[in-house]
Amino acid sequence: MSVCVHRNLPVDITEVFRKFRKGSGVARTVVDTRMAKREQRLKLAPRKEPYWMMLNEGEHLGYYRGKRVAKWVARFRMPGKGVPYQHTTLGEVDDVADADGKIILDFKQAQTVARQWFEDIHRQQGRKLGTYTVSQALDDYLDAFQGKDLDNTRRRIDAIIRPDMGHHEAARLETQAIVDWRNRLAASQARLRTAKGADQNFRETPDTEEARRRRKASANRILTILKAALNLAYRNGKIPSDNAWRRVKPFPKADAPKLRYLTDDEARRLSNACDPSFRPLVQAALLTGARYSELAALEVRDFDYQAHTLWLRETKAGKARAVYLEEEGVKLMENASLGKKHRDLLFPRPDGEKWGPSQQARPLAAACEAAKVEPAGFHDLRRTYGARLALRGVPMAVIAEALGHADERITRRHYAHLSKSYVADTVREAVRGLDIIKNKKSNLYMMDRK
C-alpha cells in the first residue's frame with residue numbers, strides 16, 4: 001500500500017474539534033470494535049495492508065500495524081470505475097503513549113482529522129492533495145522503470161523502503177534520516193522468502209566480518225533504489241533539491257567481489273551429482289557463463305547449430321547478446337533441442353514449465369552436498385566460466401564480451417587476479433633464486449597421491 005503524509009493538516013486539532021461541535025455540524029463517531037480500543041488493536045496481527053473501516057462511501061479510516069510502528073491512515077476515492085484511492089498518514093496511534101492531539105491520536109481524534117482531509121478533497125473537486133512524499137516518488141519510479149528486474153525492485157520497495165521511508169515529505173527529507181535508515185538496514189538480519197500474509201522470516205547469521213560486509217552490501221543496493229527514485233523526482237521538478245540524499249554515501253568496501261569459483265574437478269563432480277532433470281541447466285551455466293534467468297528463458301529457436309551460437313534474448317542489462325559455444329556446448333544444446341518444437345523451452349522444469357525465481361536453490365544445494373563440494377550458488381557457475389577463461393590467458397575485453405558485462409572494469413574486478421600478466425611474470429622472474437626453501441618431496445608425493 002502506498003502511504004503518504006498530508007503535511008497541510010493542522011498542527012493542533014483543537015480548531016478541528018471546535019468546527020465539528022458547532023450546531024448540527026458535530027460529526028458522528030463511527031465505532032469499529034477492532035480499532036476503537038487500544039487493547040483490541042493490540043490483538044491485531046502486524047501486516048502490510050492497514051485494517052480499514054468505512055466512514056462514508058469512498059472514505060475510509062485505516063489502522064496500520066507494522067512490526068515497529070502503528071499509524072492512523074486514511075484513503076479516499078471519488079465515485080467512478082477505475083478511479084484510484086488517494087492515501088494519507090494522519091498520525092501515530094496511542095497504542096503505547098497517550099494521545100496528545102498533535103502527533104499521537106486516539107481513535108476519535110483520528111476520525112476527526114480524517115474527515116477534515118476528506119472535506120479538503122471535496123473542496124478541491126477530488127484533486128490530489130498533500131505534499132509530494134517519498135512513497136509517491138517510489139510509485140513514479142516504478143511507473144517509469146525500464147530495467148529487467150521490475151518484480152524484484154517492486155518487492156524491495158514495498159517490503160523494505162516504503163514502510164520506513166514512504167511517509168517522509170520528499171522536499172523536507174533530511175540526510176540524517178536516510179543515514180539512520182541505511183544503518184538500520186545494515187544492522188538487521190537478512191530476510192528470507194515468506195508466504196504472503198505470514199510473519200516475515202529472517203535468516204540467522206553469525207556475527208562475523210563477512211556477514212557484516214554482506215549486510216552492508218545489501219543495504220547499499222537498497223539505498224541505490226531509493227536514491228534512483230528521488231533522483232527521478234528531482235529531474236522531473238517535483239523536488240527542489242537533491243542535497244539530502246546526495247550527501248549519503250554507500251558503505252565503503254562492502255561490495256567486495258565474491259571470488260568463489262569451482263575447479264574443473266569440482267565442476268565435473270557437481271554435474272554428475274545433479275538430478276537428471278536439473279543437470280542440463282547446470283551444465284549450460286558452466287559451458288556458457290549465462291545467468292540462471294537467461295538460461296531459464298531460452299527456447300529451441302535461440303540455438304543456432306550452424307553458427308555454434310546461443311542467443312540470449314532476456315538478459316539482466318535488457319540487451320540481447322550471443323554466446324559462442326565450443327564443441328561440448330554445441331553437443332549439450334543439440335541434446336536439449338532433440339524432439340522439441342521451435343518455441344519450446346530449451347531447459348524446462350520436470351513438469352515442462354519454466355524455471356522460476358529461486359527454484360534452482362534446493363536442487364543445487366542437494367547436488368553440492370552429494371558431490372562433497374563447498375556450497376555454491378548458481379551465480380558461482382557463471383563465475384567459474386569467467387575464471388576458466390581468465391586462467392587460460394583470455395584478454396579481459398574478450399571475457400567482458402563473453403559474459404555480457406557493460407564495463408570491462410567489472411570484469412577486471414572479478415577476474416584480473418586470475419589472469420596471466422606481464423607484471424606477474426616479471427615480478428616472479430625478478431625475485432626468484434634465494435634457495436632458502438627445501439621441498440619435502442616425500443610429503444608432496446603423498447599429497448599428490450591422495
# chains A, B, ... in the order shown; residues from 1 in each chain; ligands from 1
>>> residues_around(residues="Ala186 (chain A)", least_positions_apart="2", cutoff="9 Å", atoms="only C-alpha atoms", output="list in words")
Trp181, Arg182, Asn183, Arg184, Ser188, Gln189, Arg212, Arg213, Arg214, Arg215, Lys216, Ala217, Ser218, Ala219 and Asn220 of chain A
>>> select_by_dssp(residues="region 58-198 of chain A", states="helix (DSSP H, G or I)", output="compact mmCIF listing (two decimals) with C-alpha atoms, in the first residue's frame")
# COMPACT_ATOMS: atom_id res chain seq x y z
CA PHE A 107 -9.45 6.65 17.70
CA LYS A 108 -11.87 9.57 17.92
CA GLN A 109 -9.24 12.16 17.05
CA ALA A 110 -8.11 10.12 14.05
CA GLN A 111 -11.67 10.12 12.67
CA THR A 112 -11.89 13.89 13.11
CA VAL A 113 -8.65 14.54 11.27
CA ALA A 114 -9.63 12.07 8.53
CA ARG A 115 -12.95 13.91 7.99
CA GLN A 116 -11.06 17.19 7.71
CA TRP A 117 -8.90 15.64 4.99
CA PHE A 118 -11.94 14.31 3.13
CA GLU A 119 -13.57 17.75 3.32
CA ASP A 120 -10.46 19.38 1.88
CA ILE A 121 -10.51 16.95 -1.04
CA HIS A 122 -14.19 17.66 -1.75
CA ARG A 123 -13.42 21.38 -1.84
CA VAL A 134 8.87 9.52 -0.84
CA SER A 135 6.11 6.96 -1.35
CA GLN A 136 4.83 8.90 -4.35
CA ALA A 137 8.39 9.21 -5.69
CA LEU A 138 8.72 5.42 -5.44
CA ASP A 139 5.44 4.98 -7.33
CA ASP A 140 6.63 7.32 -10.09
CA TYR A 141 9.92 5.44 -10.27
CA LEU A 142 8.16 2.09 -10.70
CA ASP A 143 5.86 3.55 -13.37
CA LEU A 150 10.99 -4.88 -12.12
CA ASP A 151 9.44 -7.58 -9.90
CA ASN A 152 12.40 -7.70 -7.50
CA THR A 153 12.67 -3.90 -7.48
CA ARG A 154 8.96 -3.59 -6.61
CA ARG A 155 9.33 -6.23 -3.90
CA ARG A 156 12.26 -4.42 -2.29
CA ILE A 157 10.43 -1.10 -2.43
CA ASP A 158 7.21 -2.42 -0.90
CA ALA A 159 8.83 -4.63 1.73
CA ILE A 160 11.85 -2.59 2.78
CA ILE A 161 11.84 1.04 1.61
CA ARG A 162 8.21 2.15 1.68
CA PRO A 163 7.31 1.02 5.26
CA ASP A 164 10.11 3.08 6.86
CA MET A 165 10.69 5.92 4.39
CA ALA A 170 10.42 14.33 -0.16
CA ALA A 171 11.25 18.05 -0.16
CA ARG A 172 11.92 18.00 3.60
CA THR A 175 20.27 13.45 5.33
CA GLN A 176 20.35 12.02 8.84
CA ALA A 177 17.01 10.27 8.36
CA ILE A 178 18.41 8.45 5.32
CA VAL A 179 21.66 7.61 7.10
CA ASP A 180 19.81 6.22 10.13
CA TRP A 181 17.59 4.10 7.86
CA ARG A 182 20.62 2.82 5.91
CA ASN A 183 22.36 1.89 9.18
CA ARG A 184 19.29 0.03 10.46
CA LEU A 185 19.21 -2.00 7.26
CA ALA A 186 22.83 -2.99 7.67
CA ALA A 187 22.25 -4.00 11.30
>>> atom_distance(atom1="CA of Ala320 (chain A)", atom2="CA of Thr224 (chain A)")
24.7 Å
>>> closest_residue(among="A:Ala74, A:Leu287, A:Leu226, A:Ile104", to="Glu328 (chain A)", atoms="only C-alpha atoms")
A:Leu287
>>> atom_distance(atom1="CA of Ser293 (chain A)", atom2="CA of Arg349 (chain A)")
13.0 Å
>>> residues_around(residues="Ala400 (chain A)", least_positions_apart="6", cutoff="12 Å", atoms="only C-alpha atoms", output="mmCIF file with N, CA and C atoms, in the first residue's frame")
data_model
loop_
_atom_site.group_PDB
_atom_site.id
_atom_site.type_symbol
_atom_site.label_atom_id
_atom_site.label_comp_id
_atom_site.auth_asym_id
_atom_site.auth_seq_id
_atom_site.Cartn_x
_atom_site.Cartn_y
_atom_site.Cartn_z
ATOM 1 N N GLY A 289 28.411 -19.540 -19.174
ATOM 2 C CA GLY A 289 28.521 -18.373 -18.309
ATOM 3 C C GLY A 289 27.244 -17.556 -18.229
ATOM 4 N N ARG A 321 22.286 -10.706 -26.441
ATOM 5 C CA ARG A 321 23.677 -10.949 -26.817
ATOM 6 C C ARG A 321 23.860 -12.409 -27.207
ATOM 7 N N VAL A 323 26.151 -16.006 -27.277
ATOM 8 C CA VAL A 323 27.136 -16.816 -26.564
ATOM 9 C C VAL A 323 27.778 -17.743 -27.592
ATOM 10 N N ARG A 383 30.610 -17.543 -12.538
ATOM 11 C CA ARG A 383 31.964 -17.112 -12.184
ATOM 12 C C ARG A 383 33.000 -18.162 -12.593
ATOM 13 N N TYR A 385 32.887 -20.078 -15.195
ATOM 14 C CA TYR A 385 33.119 -19.903 -16.631
ATOM 15 C C TYR A 385 34.106 -18.752 -16.867
ATOM 16 N N GLY A 386 33.882 -17.626 -16.201
ATOM 17 C CA GLY A 386 34.778 -16.485 -16.348
ATOM 18 C C GLY A 386 36.173 -16.794 -15.838
ATOM 19 N N ALA A 387 36.265 -17.538 -14.713
ATOM 20 C CA ALA A 387 37.570 -17.879 -14.148
ATOM 21 C C ALA A 387 38.344 -18.803 -15.083
ATOM 22 N N LEU A 389 38.212 -18.891 -18.294
ATOM 23 C CA LEU A 389 38.739 -18.070 -19.381
ATOM 24 C C LEU A 389 39.972 -17.288 -18.919
ATOM 25 N N ALA A 390 39.885 -16.672 -17.734
ATOM 26 C CA ALA A 390 40.994 -15.858 -17.226
ATOM 27 C C ALA A 390 42.236 -16.708 -16.990
ATOM 28 N N VAL A 394 42.850 -15.532 -21.490
ATOM 29 C CA VAL A 394 41.965 -14.790 -22.390
ATOM 30 C C VAL A 394 41.947 -13.322 -21.968
ATOM 31 N N ALA A 406 28.742 -4.764 -18.955
ATOM 32 C CA ALA A 406 28.613 -3.454 -19.587
ATOM 33 C C ALA A 406 29.919 -2.680 -19.554
ATOM 34 N N ASP A 407 30.783 -3.006 -18.600
ATOM 35 C CA ASP A 407 32.021 -2.261 -18.413
ATOM 36 C C ASP A 407 33.138 -3.251 -18.108
ATOM 37 N N GLU A 408 34.282 -3.102 -18.769
ATOM 38 C CA GLU A 408 35.406 -4.005 -18.557
ATOM 39 C C GLU A 408 35.938 -3.932 -17.133
ATOM 40 N N ARG A 409 35.655 -2.812 -16.440
ATOM 41 C CA ARG A 409 36.115 -2.691 -15.054
ATOM 42 C C ARG A 409 35.482 -3.744 -14.157
ATOM 43 N N ILE A 410 34.232 -4.103 -14.455
ATOM 44 C CA ILE A 410 33.562 -5.161 -13.689
ATOM 45 C C ILE A 410 34.313 -6.474 -13.859
ATOM 46 N N THR A 411 34.718 -6.766 -15.085
ATOM 47 C CA THR A 411 35.428 -8.000 -15.380
ATOM 48 C C THR A 411 36.768 -8.040 -14.658
ATOM 49 N N ARG A 412 37.502 -6.934 -14.699
ATOM 50 C CA ARG A 412 38.805 -6.876 -14.043
ATOM 51 C C ARG A 412 38.674 -7.047 -12.533
ATOM 52 N N ARG A 413 37.617 -6.500 -11.994
ATOM 53 C CA ARG A 413 37.396 -6.575 -10.549
ATOM 54 C C ARG A 413 37.266 -8.024 -10.080
ATOM 55 N N HIS A 414 36.684 -8.871 -10.931
ATOM 56 C CA HIS A 414 36.431 -10.250 -10.544
ATOM 57 C C HIS A 414 37.493 -11.240 -11.022
ATOM 58 N N TYR A 415 38.139 -10.946 -12.145
ATOM 59 C CA TYR A 415 38.962 -11.983 -12.773
ATOM 60 C C TYR A 415 40.404 -11.590 -13.065
ATOM 61 N N ALA A 416 40.763 -10.321 -12.899
ATOM 62 C CA ALA A 416 42.117 -9.890 -13.271
ATOM 63 C C ALA A 416 43.190 -10.628 -12.477
#
>>> closest_residue(among="A:Asp425, A:Asp100, A:Glu59, A:Asp106", to="Arg38 (chain A)", atoms="only C-alpha atoms")
A:Asp106
>>> atom_distance(atom1="CA of Glu353 (chain A)", atom2="CA of Ala402 (chain A)")
27.9 Å
>>> closest_residue(among="A:Leu310, A:Leu55, A:Leu42, A:Val300", to="Arg343 (chain A)", atoms="only C-alpha atoms")
A:Val300
>>> closest_residue(among="A:Thr33, A:Asn243, A:Asn56, A:Thr263", to="Glu374 (chain A)", atoms="only C-alpha atoms")
A:Thr263
>>> residues_around(residues="Arg279 (chain A)", least_positions_apart="2", cutoff="12 Å", atoms="only C-alpha atoms", output="list in words")
Ala267, Arg268, Arg269, Leu270, Ser271, Asn272, Ala273, Cys274, Asp275, Pro276, Ser277, Leu281, Val282, Gln283, Ala284, Ala285, Leu286, Leu332, Ala336, Phe347, Pro348, Arg349, Pro350, Gln360, Pro363, Leu364, Ala366 and Ala367 of chain A
>>> residues_around(residues="Leu298 (chain A)", least_positions_apart="4", cutoff="8 Å", atoms="only C-alpha atoms", output="PyMOL selection string")
chain A and resi 294+302+312-313+345-347
>>> write_last_selection(atoms="C-alpha atoms", output="tab-separated table (two decimals), in the first residue's frame")
chain	number	residue	atom	x	y	z
A	294	GLU	CA	18.81	-16.11	-19.03
A	302	ASP	CA	17.74	-19.46	-29.71
A	312	LEU	CA	20.24	-14.73	-25.08
A	313	ARG	CA	17.11	-12.64	-25.63
A	345	LEU	CA	11.82	-24.23	-23.73
A	346	LEU	CA	15.36	-25.47	-24.10
A	347	PHE	CA	15.75	-26.27	-20.38
>>> select_by_dssp(residues="region 123-322 of chain A", states="strand (DSSP E or B)", output="VMD selection string")
chain A and resid 133 169 191 to 192 201 to 202 299 303 to 304 309 to 312 321 to 322
>>> write_last_selection(atoms="C-alpha atoms", output="PDB file, in the first residue's frame")
ATOM      1  CA  THR A 133       6.153  12.125  -0.466  1.00  0.00           C
ATOM      2  CA  GLU A 169       7.852  14.528   2.634  1.00  0.00           C
ATOM      3  CA  ARG A 191      15.159 -11.521   5.063  1.00  0.00           C
ATOM      4  CA  LEU A 192      14.004 -14.929   3.851  1.00  0.00           C
ATOM      5  CA  ASN A 201      11.138 -14.840   8.218  1.00  0.00           C
ATOM      6  CA  PHE A 202      14.756 -13.901   8.821  1.00  0.00           C
ATOM      7  CA  GLU A 299      13.875 -21.561 -26.393  1.00  0.00           C
ATOM      8  CA  PHE A 303      20.277 -22.172 -30.598  1.00  0.00           C
ATOM      9  CA  ASP A 304      21.966 -21.761 -33.977  1.00  0.00           C
ATOM     10  CA  THR A 309      25.960 -19.746 -31.026  1.00  0.00           C
ATOM     11  CA  LEU A 310      23.284 -19.320 -28.413  1.00  0.00           C
ATOM     12  CA  TRP A 311      21.176 -16.151 -28.489  1.00  0.00           C
ATOM     13  CA  LEU A 312      20.235 -14.733 -25.077  1.00  0.00           C
ATOM     14  CA  ARG A 321      23.677 -10.949 -26.817  1.00  0.00           C
ATOM     15  CA  ALA A 322      25.275 -14.025 -28.366  1.00  0.00           C
TER      16      ALA A 322
END
